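What follows is the content of structure-v4.txt (compact mmCIF, C-alpha atoms).
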# COMPACT_ATOMS: atom_id res chain seq x y z
CA MET A 193 45.98 124.01 39.53
CA LYS A 194 45.40 123.87 35.80
CA LYS A 195 45.65 126.24 32.89
CA TRP A 196 43.04 126.78 30.22
CA GLN A 197 43.67 128.40 26.87
CA CYS A 198 41.30 130.30 24.62
CA VAL A 199 41.34 128.42 21.33
CA VAL A 200 40.40 131.56 19.41
CA CYS A 201 43.05 134.04 20.55
CA GLY A 202 45.44 132.09 22.76
CA LEU A 203 44.77 133.85 26.07
CA ILE A 204 45.59 131.68 29.08
CA TYR A 205 43.43 131.38 32.19
CA ASP A 206 45.62 130.12 35.02
CA GLU A 207 43.56 128.74 37.91
CA SER A 208 46.27 129.68 40.40
CA GLU A 209 46.05 133.32 39.32
CA GLY A 210 42.30 133.53 38.66
CA TRP A 211 41.20 136.74 36.95
CA PRO A 212 40.92 139.31 39.74
CA ASP A 213 39.97 142.06 37.32
CA ASP A 214 36.67 140.28 36.70
CA GLY A 215 36.27 139.36 40.35
CA ILE A 216 37.60 135.81 39.94
CA ALA A 217 39.89 135.14 42.89
CA PRO A 218 43.26 133.39 42.59
CA GLY A 219 42.77 129.65 42.98
CA THR A 220 39.36 129.60 41.28
CA ARG A 221 39.00 126.31 39.43
CA TRP A 222 37.79 126.47 35.85
CA GLU A 223 34.48 124.79 36.65
CA ASP A 224 33.83 127.51 39.23
CA VAL A 225 34.44 130.37 36.81
CA PRO A 226 31.00 131.89 36.05
CA ALA A 227 29.35 130.37 32.97
CA ASP A 228 28.95 133.81 31.39
CA TRP A 229 32.61 134.79 31.79
CA LEU A 230 34.10 135.95 28.49
CA CYS A 231 37.66 135.80 27.24
CA PRO A 232 39.09 139.21 28.24
CA ASP A 233 41.04 139.48 24.99
CA CYS A 234 38.61 138.34 22.31
CA GLY A 235 35.19 137.98 23.93
CA VAL A 236 34.43 134.31 23.24
CA GLY A 237 32.77 132.22 25.94
CA LYS A 238 34.02 129.46 28.28
CA THR A 239 33.24 126.71 25.76
CA ASP A 240 36.04 128.06 23.57
CA PHE A 241 38.69 127.25 26.17
CA GLU A 242 40.65 124.01 26.32
CA MET A 243 42.75 122.64 29.11
CA ILE A 244 46.45 122.79 28.32
CA SER A 245 49.55 121.54 29.99
CA ILE A 246 52.40 124.00 29.95
CA GLY A 247 55.88 122.68 30.52
CA MET B 197 8.70 124.21 6.13
CA SER B 198 9.44 127.82 7.07
CA ALA B 199 12.18 129.72 5.27
CA PRO B 200 15.58 129.40 6.93
CA LEU B 201 17.92 131.90 8.44
CA VAL B 202 20.72 131.96 5.89
CA ILE B 203 24.26 132.89 6.91
CA VAL B 204 26.81 133.37 4.15
CA GLY B 205 30.28 132.63 5.50
CA THR B 206 31.62 130.08 7.98
CA GLY B 207 34.46 132.01 9.55
CA LEU B 208 34.42 133.19 13.16
CA ALA B 209 31.56 135.57 12.34
CA GLY B 210 29.23 133.04 10.70
CA TYR B 211 29.82 130.20 13.13
CA ASN B 212 29.73 132.31 16.27
CA LEU B 213 26.50 133.97 15.21
CA ALA B 214 25.02 130.54 14.46
CA ARG B 215 26.06 129.25 17.87
CA GLU B 216 24.71 132.26 19.77
CA TRP B 217 21.43 132.21 17.82
CA ARG B 218 20.91 128.47 18.29
CA LYS B 219 20.99 129.04 22.04
CA LEU B 220 17.88 131.19 21.58
CA ASP B 221 16.09 129.47 18.68
CA SER B 222 16.40 125.72 18.32
CA SER B 223 13.69 125.19 15.73
CA THR B 224 13.95 127.66 12.83
CA PRO B 225 15.88 126.05 9.96
CA LEU B 226 19.45 127.30 9.55
CA LEU B 227 21.50 127.23 6.37
CA LEU B 228 25.15 128.22 6.22
CA ILE B 229 26.85 128.70 2.88
CA SER B 230 30.62 128.65 2.51
CA ALA B 231 32.90 129.16 -0.48
CA ASP B 232 35.48 127.10 1.45
CA ASP B 233 35.42 123.65 3.00
CA GLY B 234 33.50 124.91 6.02
CA ARG B 235 36.00 123.78 8.61
CA SER B 236 35.81 125.71 11.86
CA TYR B 237 39.05 127.44 12.82
CA SER B 238 40.27 130.56 14.52
CA LYS B 239 41.72 133.10 12.13
CA PRO B 240 43.98 134.76 14.75
CA MET B 241 45.72 131.41 15.14
CA LEU B 242 46.86 131.43 11.50
CA SER B 243 49.70 133.76 12.41
CA THR B 244 50.85 131.52 15.28
CA GLY B 245 50.97 128.18 13.44
CA PHE B 246 54.58 128.00 12.29
CA GLY B 247 56.02 128.59 15.74
CA LYS B 248 53.89 125.72 17.05
CA GLN B 249 54.64 123.50 14.03
CA LYS B 250 50.95 123.31 13.19
CA ASP B 251 49.71 122.75 9.66
CA ALA B 252 46.22 123.64 8.47
CA ASP B 253 44.75 120.32 9.62
CA ALA B 254 46.13 120.90 13.11
CA LEU B 255 44.59 124.39 13.25
CA ALA B 256 41.18 123.15 12.11
CA MET B 257 38.90 122.64 15.12
CA ALA B 258 35.93 120.87 13.50
CA GLN B 259 34.85 119.63 10.08
CA ALA B 260 31.77 121.09 8.39
CA GLY B 261 29.82 117.90 9.11
CA ALA B 262 30.46 118.14 12.83
CA MET B 263 29.52 121.82 12.80
CA ALA B 264 26.25 121.02 10.97
CA GLU B 265 25.38 118.50 13.65
CA GLN B 266 26.37 120.77 16.52
CA LEU B 267 24.35 123.68 15.08
CA ASN B 268 21.42 121.64 13.78
CA ALA B 269 22.08 123.30 10.44
CA GLU B 270 22.57 122.54 6.82
CA ILE B 271 26.02 123.63 5.67
CA ARG B 272 26.74 123.93 1.99
CA THR B 273 30.48 123.98 1.36
CA HIS B 274 32.44 124.98 -1.77
CA THR B 275 29.37 126.96 -2.72
CA ARG B 276 29.38 130.52 -3.96
CA VAL B 277 26.42 132.83 -3.74
CA THR B 278 26.16 134.57 -7.10
CA GLY B 279 23.47 137.15 -6.44
CA ILE B 280 21.01 138.54 -3.91
CA ASP B 281 17.42 139.52 -4.69
CA PRO B 282 16.28 141.47 -1.60
CA GLY B 283 12.84 142.23 -3.06
CA HIS B 284 11.93 138.54 -3.14
CA LYS B 285 13.99 137.60 -0.08
CA ARG B 286 16.06 135.10 -2.01
CA LEU B 287 19.60 134.62 -3.13
CA TRP B 288 21.08 132.88 -6.10
CA ILE B 289 23.58 130.08 -6.30
CA GLY B 290 24.02 129.97 -10.04
CA GLU B 291 20.59 129.05 -11.39
CA GLU B 292 19.30 127.89 -8.04
CA ALA B 293 17.17 130.25 -5.94
CA VAL B 294 17.33 129.98 -2.15
CA VAL B 295 14.61 131.73 -0.17
CA TYR B 296 15.49 133.15 3.23
CA ARG B 297 13.62 134.45 6.24
CA ASP B 298 16.61 136.61 7.14
CA LEU B 299 19.98 136.81 5.45
CA VAL B 300 23.26 137.45 7.24
CA LEU B 301 26.34 138.40 5.26
CA ALA B 302 29.44 137.20 7.10
CA TRP B 303 31.71 136.60 4.15
CA GLY B 304 34.67 138.57 5.40
CA ALA B 305 37.26 140.67 3.65
CA GLU B 306 39.48 140.14 0.66
CA PRO B 307 43.29 140.40 0.79
CA ILE B 308 44.45 143.43 -1.16
CA ARG B 309 46.71 142.44 -4.02
CA VAL B 310 49.41 144.86 -5.02
CA PRO B 311 50.61 144.85 -8.60
CA VAL B 312 53.96 143.11 -8.93
CA GLY B 313 55.92 142.58 -12.14
CA GLY B 314 58.11 139.65 -13.12
CA ASP B 315 57.54 136.06 -14.19
CA ALA B 316 56.97 134.77 -10.64
CA ALA B 317 54.44 137.39 -9.52
CA VAL B 318 51.75 134.73 -9.17
CA GLN B 319 53.78 133.17 -6.38
CA VAL B 320 52.91 136.00 -4.00
CA LEU B 321 50.65 134.28 -1.45
CA PRO B 322 48.14 135.95 0.89
CA VAL B 323 47.11 134.16 4.09
CA ASN B 324 43.62 135.23 5.08
CA ASP B 325 41.87 131.92 5.70
CA LEU B 326 42.61 128.29 6.51
CA GLU B 327 42.84 127.23 2.86
CA ASP B 328 45.33 130.04 2.14
CA TYR B 329 47.28 128.84 5.15
CA ALA B 330 47.34 125.27 3.82
CA ARG B 331 48.66 126.52 0.47
CA PHE B 332 51.29 128.62 2.17
CA CYS B 333 52.43 125.72 4.40
CA GLN B 334 52.78 123.53 1.34
CA ALA B 335 54.81 126.18 -0.49
CA ALA B 336 56.99 126.76 2.59
CA ALA B 337 57.83 123.13 3.25
CA GLY B 338 61.59 122.64 3.05
CA LYS B 339 62.20 126.30 2.25
CA GLN B 340 64.25 128.86 4.18
CA ARG B 341 63.80 132.48 3.17
CA VAL B 342 60.48 134.26 3.26
CA LEU B 343 59.82 137.77 2.03
CA VAL B 344 56.85 139.35 3.80
CA LEU B 345 55.03 142.18 2.06
CA GLY B 346 53.50 144.58 4.55
CA ALA B 347 54.57 145.71 8.02
CA GLY B 348 51.10 145.96 9.51
CA LEU B 349 49.78 143.86 12.38
CA ILE B 350 49.54 140.68 10.30
CA GLY B 351 52.88 141.20 8.56
CA CYS B 352 54.61 141.65 11.93
CA GLU B 353 52.85 138.65 13.48
CA PHE B 354 53.89 136.43 10.58
CA ALA B 355 57.46 137.80 10.68
CA ASN B 356 57.68 136.77 14.33
CA ASP B 357 55.96 133.42 13.83
CA LEU B 358 57.87 132.37 10.71
CA THR B 359 61.13 133.23 12.45
CA ALA B 360 60.06 131.10 15.41
CA GLY B 361 59.35 128.35 12.91
CA GLY B 362 62.93 128.46 11.66
CA TYR B 363 62.58 130.69 8.61
CA GLN B 364 64.72 133.67 7.66
CA VAL B 365 62.38 136.60 7.19
CA GLU B 366 62.69 139.94 5.42
CA VAL B 367 59.88 142.48 5.54
CA VAL B 368 59.27 145.08 2.86
CA ALA B 369 56.69 147.84 3.21
CA PRO B 370 56.23 151.38 1.87
CA CYS B 371 56.03 153.04 5.29
CA GLU B 372 58.38 154.63 7.76
CA GLN B 373 57.53 152.44 10.74
CA VAL B 374 55.81 149.14 11.47
CA MET B 375 52.03 149.24 11.97
CA PRO B 376 51.57 152.84 10.81
CA GLY B 377 48.11 154.09 11.59
CA LEU B 378 47.90 151.76 14.58
CA LEU B 379 51.02 152.50 16.64
CA PRO B 380 52.75 155.63 17.90
CA VAL B 381 56.33 155.72 16.65
CA GLU B 382 57.98 154.81 19.97
CA ALA B 383 56.01 151.58 20.26
CA ALA B 384 56.60 150.81 16.59
CA HIS B 385 60.34 151.11 17.08
CA ALA B 386 60.24 148.81 20.11
CA VAL B 387 58.45 146.11 18.12
CA GLN B 388 60.75 146.54 15.13
CA ARG B 389 63.85 146.29 17.33
CA GLY B 390 62.40 143.17 18.93
CA LEU B 391 61.83 141.54 15.56
CA GLU B 392 65.29 142.59 14.37
CA SER B 393 66.80 141.00 17.47
CA ILE B 394 65.62 137.58 16.31
CA GLY B 395 66.91 138.17 12.80
CA VAL B 396 64.05 139.76 10.87
CA GLY B 397 65.33 142.17 8.22
CA PHE B 398 63.33 145.30 7.42
CA HIS B 399 63.15 147.29 4.18
CA LEU B 400 60.84 150.16 5.09
CA GLY B 401 60.12 152.65 2.33
CA PRO B 402 60.28 150.69 -0.92
CA VAL B 403 57.75 148.34 -2.48
CA LEU B 404 58.28 145.08 -4.32
CA ASN B 405 58.66 145.93 -8.01
CA SER B 406 59.16 142.51 -9.47
CA LEU B 407 59.53 138.87 -8.59
CA ASP B 408 61.33 136.52 -10.94
CA GLN B 409 62.26 132.89 -10.89
CA ALA B 410 66.02 132.48 -10.52
CA GLY B 411 66.81 128.80 -10.64
CA GLU B 412 65.33 127.14 -7.58
CA ARG B 413 64.82 130.46 -5.84
CA LEU B 414 63.05 133.73 -6.40
CA LEU B 415 64.65 137.08 -6.97
CA ALA B 416 62.76 140.05 -5.58
CA GLU B 417 63.62 143.51 -6.77
CA LEU B 418 62.51 146.44 -4.66
CA SER B 419 61.72 149.94 -5.90
CA ASP B 420 64.92 151.27 -4.28
CA GLY B 421 67.00 148.82 -6.31
CA THR B 422 67.61 146.35 -3.49
CA ARG B 423 67.63 142.73 -4.65
CA ILE B 424 66.60 139.96 -2.29
CA ASP B 425 66.95 136.23 -2.77
CA CYS B 426 64.01 134.38 -1.30
CA ASP B 427 62.08 131.14 -1.58
CA LEU B 428 58.58 132.44 -1.18
CA VAL B 429 56.61 135.63 -0.67
CA LEU B 430 53.82 136.19 1.82
CA SER B 431 51.50 139.11 1.17
CA ALA B 432 50.06 140.87 4.22
CA VAL B 433 49.36 144.31 2.79
CA GLY B 434 45.84 144.62 4.13
CA LEU B 435 42.23 143.62 3.67
CA ARG B 436 39.26 145.15 1.90
CA PRO B 437 35.75 144.24 3.07
CA ARG B 438 33.86 142.26 0.42
CA THR B 439 31.09 144.56 -0.75
CA ALA B 440 30.68 143.96 -4.50
CA MET B 441 27.70 141.60 -4.37
CA ALA B 442 26.01 143.68 -1.67
CA GLU B 443 26.41 146.77 -3.85
CA GLN B 444 24.93 144.91 -6.83
CA ALA B 445 21.95 144.04 -4.66
CA GLY B 446 21.48 147.73 -3.87
CA LEU B 447 22.70 147.67 -0.27
CA ASP B 448 24.41 150.81 1.01
CA CYS B 449 28.14 150.29 1.22
CA GLY B 450 31.00 152.48 2.34
CA ARG B 451 34.25 150.92 3.42
CA GLY B 452 32.15 147.85 4.30
CA ILE B 453 28.49 146.84 4.06
CA GLN B 454 26.85 149.60 6.05
CA VAL B 455 24.73 148.41 8.94
CA ASP B 456 23.17 150.13 11.92
CA ARG B 457 23.54 149.20 15.57
CA LEU B 458 21.06 146.35 14.99
CA LEU B 459 23.48 145.06 12.33
CA GLN B 460 20.75 145.66 9.77
CA SER B 461 21.74 146.80 6.29
CA SER B 462 19.84 149.38 4.26
CA HIS B 463 17.47 146.55 3.37
CA ALA B 464 15.16 144.89 5.90
CA ASN B 465 15.95 141.21 6.55
CA ILE B 466 19.57 141.57 5.47
CA TYR B 467 22.27 141.88 8.12
CA ALA B 468 26.05 141.90 8.13
CA LEU B 469 28.76 141.32 10.71
CA GLY B 470 32.46 140.62 10.95
CA ASP B 471 35.15 141.80 8.56
CA CYS B 472 32.68 142.71 5.77
CA ALA B 473 30.52 144.97 7.94
CA GLU B 474 30.76 148.67 8.67
CA VAL B 475 28.88 148.97 11.94
CA ASP B 476 27.67 152.50 12.60
CA GLY B 477 30.65 153.73 10.60
CA LEU B 478 33.25 151.39 12.13
CA ASN B 479 34.89 148.53 10.23
CA LEU B 480 36.95 146.73 12.87
CA LEU B 481 38.70 143.54 11.78
CA TYR B 482 39.08 141.99 15.23
CA VAL B 483 37.42 139.17 17.13
CA MET B 484 36.13 141.12 20.10
CA PRO B 485 33.84 143.49 18.16
CA LEU B 486 32.74 140.53 16.06
CA MET B 487 31.68 138.64 19.20
CA SER B 488 29.75 141.65 20.49
CA CYS B 489 27.96 141.82 17.14
CA ALA B 490 27.25 138.08 17.10
CA ARG B 491 25.60 138.20 20.53
CA ALA B 492 23.51 141.26 19.73
CA LEU B 493 22.44 139.99 16.32
CA ALA B 494 21.52 136.57 17.72
CA GLN B 495 19.09 138.34 20.06
CA THR B 496 17.67 140.46 17.25
CA LEU B 497 17.18 137.44 15.01
CA ALA B 498 15.45 135.63 17.87
CA GLY B 499 12.89 138.42 18.14
CA ASN B 500 14.52 140.67 20.76
CA PRO B 501 15.91 143.66 18.86
CA THR B 502 19.26 144.44 20.50
CA SER B 503 21.67 147.22 19.62
CA VAL B 504 25.33 146.38 19.71
CA SER B 505 27.65 148.47 21.81
CA TYR B 506 31.44 148.37 21.96
CA GLY B 507 33.41 149.00 25.11
CA PRO B 508 37.12 149.67 24.83
CA MET B 509 38.58 147.28 22.24
CA PRO B 510 42.29 146.81 22.94
CA VAL B 511 44.09 144.66 20.39
CA THR B 512 46.68 142.13 21.49
CA VAL B 513 49.31 141.74 18.79
CA LYS B 514 50.99 138.36 18.71
CA THR B 515 54.62 139.39 18.48
CA PRO B 516 55.97 137.38 21.44
CA VAL B 517 59.50 138.72 20.99
CA CYS B 518 58.07 142.10 22.00
CA PRO B 519 54.56 141.70 23.44
CA LEU B 520 52.24 144.48 22.31
CA VAL B 521 48.77 145.66 23.24
CA VAL B 522 47.28 148.68 21.58
CA SER B 523 44.03 150.53 22.01
CA PRO B 524 43.83 153.23 19.33
CA PRO B 525 42.03 156.44 20.31
CA PRO B 526 38.36 156.46 19.18
CA ARG B 527 37.55 158.18 15.90
CA GLY B 528 37.06 161.90 16.06
CA THR B 529 39.03 162.34 19.27
CA LEU B 530 42.07 164.53 19.52
CA GLY B 531 44.85 163.62 21.87
CA SER B 532 48.58 163.67 22.20
CA TRP B 533 50.88 160.71 22.75
CA HIS B 534 53.45 160.55 25.49
CA ALA B 535 55.93 157.72 25.97
CA GLU B 536 57.57 156.52 29.14
CA GLY B 537 59.74 153.53 29.93
CA THR B 538 62.98 152.20 28.54
CA GLY B 539 64.15 149.70 25.95
CA GLN B 540 61.42 147.33 24.91
CA ASP B 541 59.19 148.12 27.87
CA LEU B 542 57.21 151.17 26.89
CA LYS B 543 53.99 152.70 28.08
CA VAL B 544 52.78 155.13 25.44
CA LEU B 545 49.57 156.90 26.38
CA CYS B 546 47.27 159.10 24.36
CA ARG B 547 45.50 161.70 26.46
CA ALA B 548 42.98 164.39 25.61
CA ALA B 549 43.58 168.02 26.53
CA ASP B 550 41.65 167.49 29.79
CA GLY B 551 43.99 164.63 30.73
CA SER B 552 41.52 161.79 30.16
CA LEU B 553 42.92 158.63 28.61
CA LEU B 554 41.94 158.04 24.96
CA GLY B 555 44.21 155.19 23.96
CA TYR B 556 47.47 153.41 24.61
CA ALA B 557 50.21 151.26 23.22
CA LEU B 558 52.04 149.00 25.66
CA THR B 559 55.11 146.98 24.80
CA GLY B 560 57.25 144.42 26.60
CA THR B 561 56.57 144.11 30.32
CA ALA B 562 54.34 147.21 30.20
CA VAL B 563 51.53 145.06 28.72
CA GLN B 564 50.78 144.08 32.32
CA GLU B 565 49.26 147.52 32.84
CA LYS B 566 46.57 146.80 30.28
CA LEU B 567 43.77 145.85 32.66
CA ALA B 568 44.24 148.87 34.89
CA LEU B 569 44.33 151.22 31.90
CA ASN B 570 41.29 149.61 30.26
CA ARG B 571 39.15 150.90 33.13
CA GLU B 572 40.04 154.47 32.11
CA LEU B 573 39.33 154.05 28.40
CA PRO B 574 36.22 155.43 26.71
CA PRO B 575 33.92 152.98 24.87
CA LEU B 576 34.21 152.85 21.06
CA LEU B 577 30.45 152.64 20.51
CA ALA B 578 28.69 153.72 23.66
Render the structure in this file as structure tokens.
Amino acid sequence: MKKWQCVVCGLIYDESEGWPDDGIAPGTRWEDVPADWLCPDCGVGKTDFEMISIG
Amino acid sequence: MSAPLVIVGTGLAGYNLAREWRKLDSSTPLLLISADDGRSYSKPMLSTGFGKQKDADALAMAQAGAMAEQLNAEIRTHTRVTGIDPGHKRLWIGEEAVVYRDLVLAWGAEPIRVPVGGDAAVQVLPVNDLEDYARFCQAAAGKQRVLVLGAGLIGCEFANDLTAGGYQVEVVAPCEQVMPGLLPVEAAHAVQRGLESIGVGFHLGPVLNSLDQAGERLLAELSDGTRIDCDLVLSAVGLRPRTAMAEQAGLDCGRGIQVDRLLQSSHANIYALGDCAEVDGLNLLYVMPLMSCARALAQTLAGNPTSVSYGPMPVTVKTPVCPLVVSPPPRGTLGSWHAEGTGQDLKVLCRAADGSLLGYALTGTAVQEKLALNRELPPLLA
């Protein structure tokens, strides 16, 4: 499971947690997150996220 | 060749609009004009750079050349628009006239400068864009003590971030609590205590009267007589939307350039979004409303007139020592605040007389309740 970070505001999408509030189940891989999903904090799109490794 | 869409400004507003519009129109010429170097970066990240040891180059995401290629656009950097002539649909860059099909003003807001006396007053540095940040980083290299002017959202974020970056920080602001106007007092105290716990000193009430060179250091004198030794001064006292040139061109301006829900100014073919725009009476200096505007305006400029609407717009404040999310009550609503929780973990809710939720401020572990509470919030622009 990987983590992806919004490069605009810093929000982290953690694949293991998904984003249940937007109907994205825990364990949803980034590539399976809907293309029109927006950053819940700042509203930018998926292209503004980068994969990160967190210690 | 047909006249281009011209966007003035290459911050988050200008570039995001360009990206959204290019998805819908790949052929109309696009010209972006920037007073800066045109690098793409995220402004919210400026107040997180010291903690991550990132200089301006590290925060830059793309050079202007790469953005021009990605957007199929011409980007003119270090270029200042000097006038707008709405009647002839053209703008001026000095003596040069540039004709536009539509013009979008996305040139942001200007840091407010407070008058400061003393022989080192010019060393008060605002940080409102990537070039400011580069200057500040350079001035801060090898230094220790930073005086921050302003205890608003940006002042508090920088206080936290500079401390994380190893600096000793003192904050001075003429208010009784941090983030007045944004936070209820209980939440403000929680954030202030959090910042104090990592060593930030607060001087709430006075202003900076004078700043003088004292050997290698600076001596700041506050209006209450307090004297503070410091190495540099960061100004975060607030922003004022840039309206002067729009006013000269005859556009209606209030706090910002006044636009309707189509983001159209009082003149056809001229639009505004981002920090310089007052959208249906609201001037919100945050990314989320800006993105809503960029998507709506992209549609409008592609021939599908689309009104912008704002849902709830909670603001996440980057003070990691005491996480904070706040959703101020919408304008014109009347509610009362009620706090629950202990220590740093507070849930402060603003409810109307009928019990409906109007806004909130959540600190510490209470920020986890954000998503559930958002569902109860009213939209800001329905």
Using 12 Å as the limit and counting only C-alpha atoms, can you tabulate each residue of chain B that touches chain A, with its shortest atom-to-atom distance in Å and the two atoms involved, as JSON lines?
{"residue": "B:Gly207", "atom": "CA", "partner": "A:Val200", "partner_atom": "CA", "distance": 11.5}
{"residue": "B:Leu208", "atom": "CA", "partner": "A:Val200", "partner_atom": "CA", "distance": 8.8}
{"residue": "B:Ala209", "atom": "CA", "partner": "A:Val236", "partner_atom": "CA", "distance": 11.3}
{"residue": "B:Tyr211", "atom": "CA", "partner": "A:Val236", "partner_atom": "CA", "distance": 11.8}
{"residue": "B:Asn212", "atom": "CA", "partner": "A:Val236", "partner_atom": "CA", "distance": 8.6}
{"residue": "B:Leu213", "atom": "CA", "partner": "A:Val236", "partner_atom": "CA", "distance": 11.3}
{"residue": "B:Arg215", "atom": "CA", "partner": "A:Gly237", "partner_atom": "CA", "distance": 10.9}
{"residue": "B:Glu216", "atom": "CA", "partner": "A:Gly237", "partner_atom": "CA", "distance": 10.2}
{"residue": "B:Ser236", "atom": "CA", "partner": "A:Val200", "partner_atom": "CA", "distance": 10.6}
{"residue": "B:Tyr237", "atom": "CA", "partner": "A:Val200", "partner_atom": "CA", "distance": 7.9}
{"residue": "B:Ser238", "atom": "CA", "partner": "A:Val200", "partner_atom": "CA", "distance": 5.0}
{"residue": "B:Lys239", "atom": "CA", "partner": "A:Val200", "partner_atom": "CA", "distance": 7.6}
{"residue": "B:Pro240", "atom": "CA", "partner": "A:Cys201", "partner_atom": "CA", "distance": 5.9}
{"residue": "B:Met241", "atom": "CA", "partner": "A:Cys201", "partner_atom": "CA", "distance": 6.6}
{"residue": "B:Leu242", "atom": "CA", "partner": "A:Cys201", "partner_atom": "CA", "distance": 10.2}
{"residue": "B:Ser243", "atom": "CA", "partner": "A:Cys201", "partner_atom": "CA", "distance": 10.5}
{"residue": "B:Thr244", "atom": "CA", "partner": "A:Gly202", "partner_atom": "CA", "distance": 9.2}
{"residue": "B:Gly245", "atom": "CA", "partner": "A:Gly202", "partner_atom": "CA", "distance": 11.5}
{"residue": "B:Leu255", "atom": "CA", "partner": "A:Val199", "partner_atom": "CA", "distance": 9.6}
{"residue": "B:Ala256", "atom": "CA", "partner": "A:Val199", "partner_atom": "CA", "distance": 10.6}
{"residue": "B:Met257", "atom": "CA", "partner": "A:Val199", "partner_atom": "CA", "distance": 8.8}
{"residue": "B:Leu481", "atom": "CA", "partner": "A:Cys234", "partner_atom": "CA", "distance": 11.7}
{"residue": "B:Tyr482", "atom": "CA", "partner": "A:Cys234", "partner_atom": "CA", "distance": 8.0}
{"residue": "B:Val483", "atom": "CA", "partner": "A:Cys234", "partner_atom": "CA", "distance": 5.4}
{"residue": "B:Met484", "atom": "CA", "partner": "A:Cys234", "partner_atom": "CA", "distance": 4.3}
{"residue": "B:Pro485", "atom": "CA", "partner": "A:Gly235", "partner_atom": "CA", "distance": 8.1}
{"residue": "B:Leu486", "atom": "CA", "partner": "A:Gly235", "partner_atom": "CA", "distance": 8.6}
{"residue": "B:Met487", "atom": "CA", "partner": "A:Gly235", "partner_atom": "CA", "distance": 5.9}
{"residue": "B:Ser488", "atom": "CA", "partner": "A:Gly235", "partner_atom": "CA", "distance": 7.4}
{"residue": "B:Cys489", "atom": "CA", "partner": "A:Gly235", "partner_atom": "CA", "distance": 10.6}
{"residue": "B:Ala490", "atom": "CA", "partner": "A:Val236", "partner_atom": "CA", "distance": 10.2}
{"residue": "B:Arg491", "atom": "CA", "partner": "A:Val236", "partner_atom": "CA", "distance": 10.0}
{"residue": "B:Tyr506", "atom": "CA", "partner": "A:Gly235", "partner_atom": "CA", "distance": 11.2}
{"residue": "B:Gly507", "atom": "CA", "partner": "A:Gly235", "partner_atom": "CA", "distance": 11.2}
{"residue": "B:Pro508", "atom": "CA", "partner": "A:Asp233", "partner_atom": "CA", "distance": 10.9}
{"residue": "B:Met509", "atom": "CA", "partner": "A:Asp233", "partner_atom": "CA", "distance": 8.6}
{"residue": "B:Pro510", "atom": "CA", "partner": "A:Asp233", "partner_atom": "CA", "distance": 7.7}
{"residue": "B:Val511", "atom": "CA", "partner": "A:Asp233", "partner_atom": "CA", "distance": 7.6}
{"residue": "B:Thr512", "atom": "CA", "partner": "A:Asp233", "partner_atom": "CA", "distance": 7.1}
{"residue": "B:Val513", "atom": "CA", "partner": "A:Cys201", "partner_atom": "CA", "distance": 10.1}
{"residue": "B:Lys514", "atom": "CA", "partner": "A:Cys201", "partner_atom": "CA", "distance": 9.2}
{"residue": "B:Pro516", "atom": "CA", "partner": "A:Gly202", "partner_atom": "CA", "distance": 11.9}
{"residue": "B:Val521", "atom": "CA", "partner": "A:Asp233", "partner_atom": "CA", "distance": 10.1}
{"residue": "B:Val522", "atom": "CA", "partner": "A:Asp233", "partner_atom": "CA", "distance": 11.6}
{"residue": "B:Ser523", "atom": "CA", "partner": "A:Asp233", "partner_atom": "CA", "distance": 11.8}
{"residue": "B:Glu565", "atom": "CA", "partner": "A:Asp213", "partner_atom": "CA", "distance": 11.7}
{"residue": "B:Lys566", "atom": "CA", "partner": "A:Asp233", "partner_atom": "CA", "distance": 10.6}
{"residue": "B:Leu567", "atom": "CA", "partner": "A:Asp213", "partner_atom": "CA", "distance": 7.1}
{"residue": "B:Ala568", "atom": "CA", "partner": "A:Asp213", "partner_atom": "CA", "distance": 8.4}
{"residue": "B:Leu569", "atom": "CA", "partner": "A:Asp213", "partner_atom": "CA", "distance": 11.5}
{"residue": "B:Asn570", "atom": "CA", "partner": "A:Asp213", "partner_atom": "CA", "distance": 10.4}
{"residue": "B:Arg571", "atom": "CA", "partner": "A:Asp213", "partner_atom": "CA", "distance": 9.8}
Atom CA of A:Gly219 to atom CA of B:Glu572 measures 27.2 Å
Pick out the residues sitting within 6 Å of stretch 394-403 of chain B, and hand them over as a ChimeraX atom specification; count only C-alpha atoms, and ignore anything fewer than 4 positions along from it in its own chain. /B:365-372,418-420
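Separating atom CA of B:Ala416 from atom CA of B:Glu327 is a distance of 25.1 Å.
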Between atom CA of A:Glu242 and atom CA of A:Trp229, distance in Å (one decimal): 14.5 Å
Using only C-alpha atoms, determine which residues lie at most 10 Å from B:Leu378, disregarding the query and same-chain residues fewer than 3 positions distant; provide the list as a list in words. Gly348, Leu349, Val374, Met375, Val381, Ala383, Ala384, Val511, Val522, Ser523, Pro524, Pro525 and Ala557 of chain B
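The neighbours of B:Leu553 here are the residues that come within 8 Å of it, using only C-alpha atoms and leaving out any residue fewer than 4 positions away in the same chain; they are Leu545, Cys546, Arg547, Ala548, Glu572, Leu573 and Pro574 of chain B.
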Show me as an NGL selection string the residues that reach within 9 Å of (47.8, 131.0, 34.4), counting only C-alpha atoms and using the file's own coordinates. :A and (193-197 or 204-210)
Please produce an output containing C-alpha atoms for each residue in the selection, written as a short mmCIF file (atom, residue, chain, number, x, y, z; two decimals), in the coordinates of the input.
data_model
loop_
_atom_site.label_atom_id
_atom_site.label_comp_id
_atom_site.auth_asym_id
_atom_site.auth_seq_id
_atom_site.Cartn_x
_atom_site.Cartn_y
_atom_site.Cartn_z
CA MET A 193 45.98 124.01 39.53
CA LYS A 194 45.40 123.87 35.80
CA LYS A 195 45.65 126.24 32.89
CA TRP A 196 43.04 126.78 30.22
CA GLN A 197 43.67 128.40 26.87
CA ILE A 204 45.59 131.68 29.08
CA TYR A 205 43.43 131.38 32.19
CA ASP A 206 45.62 130.12 35.02
CA GLU A 207 43.56 128.74 37.91
CA SER A 208 46.27 129.68 40.40
CA GLU A 209 46.05 133.32 39.32
CA GLY A 210 42.30 133.53 38.66
#
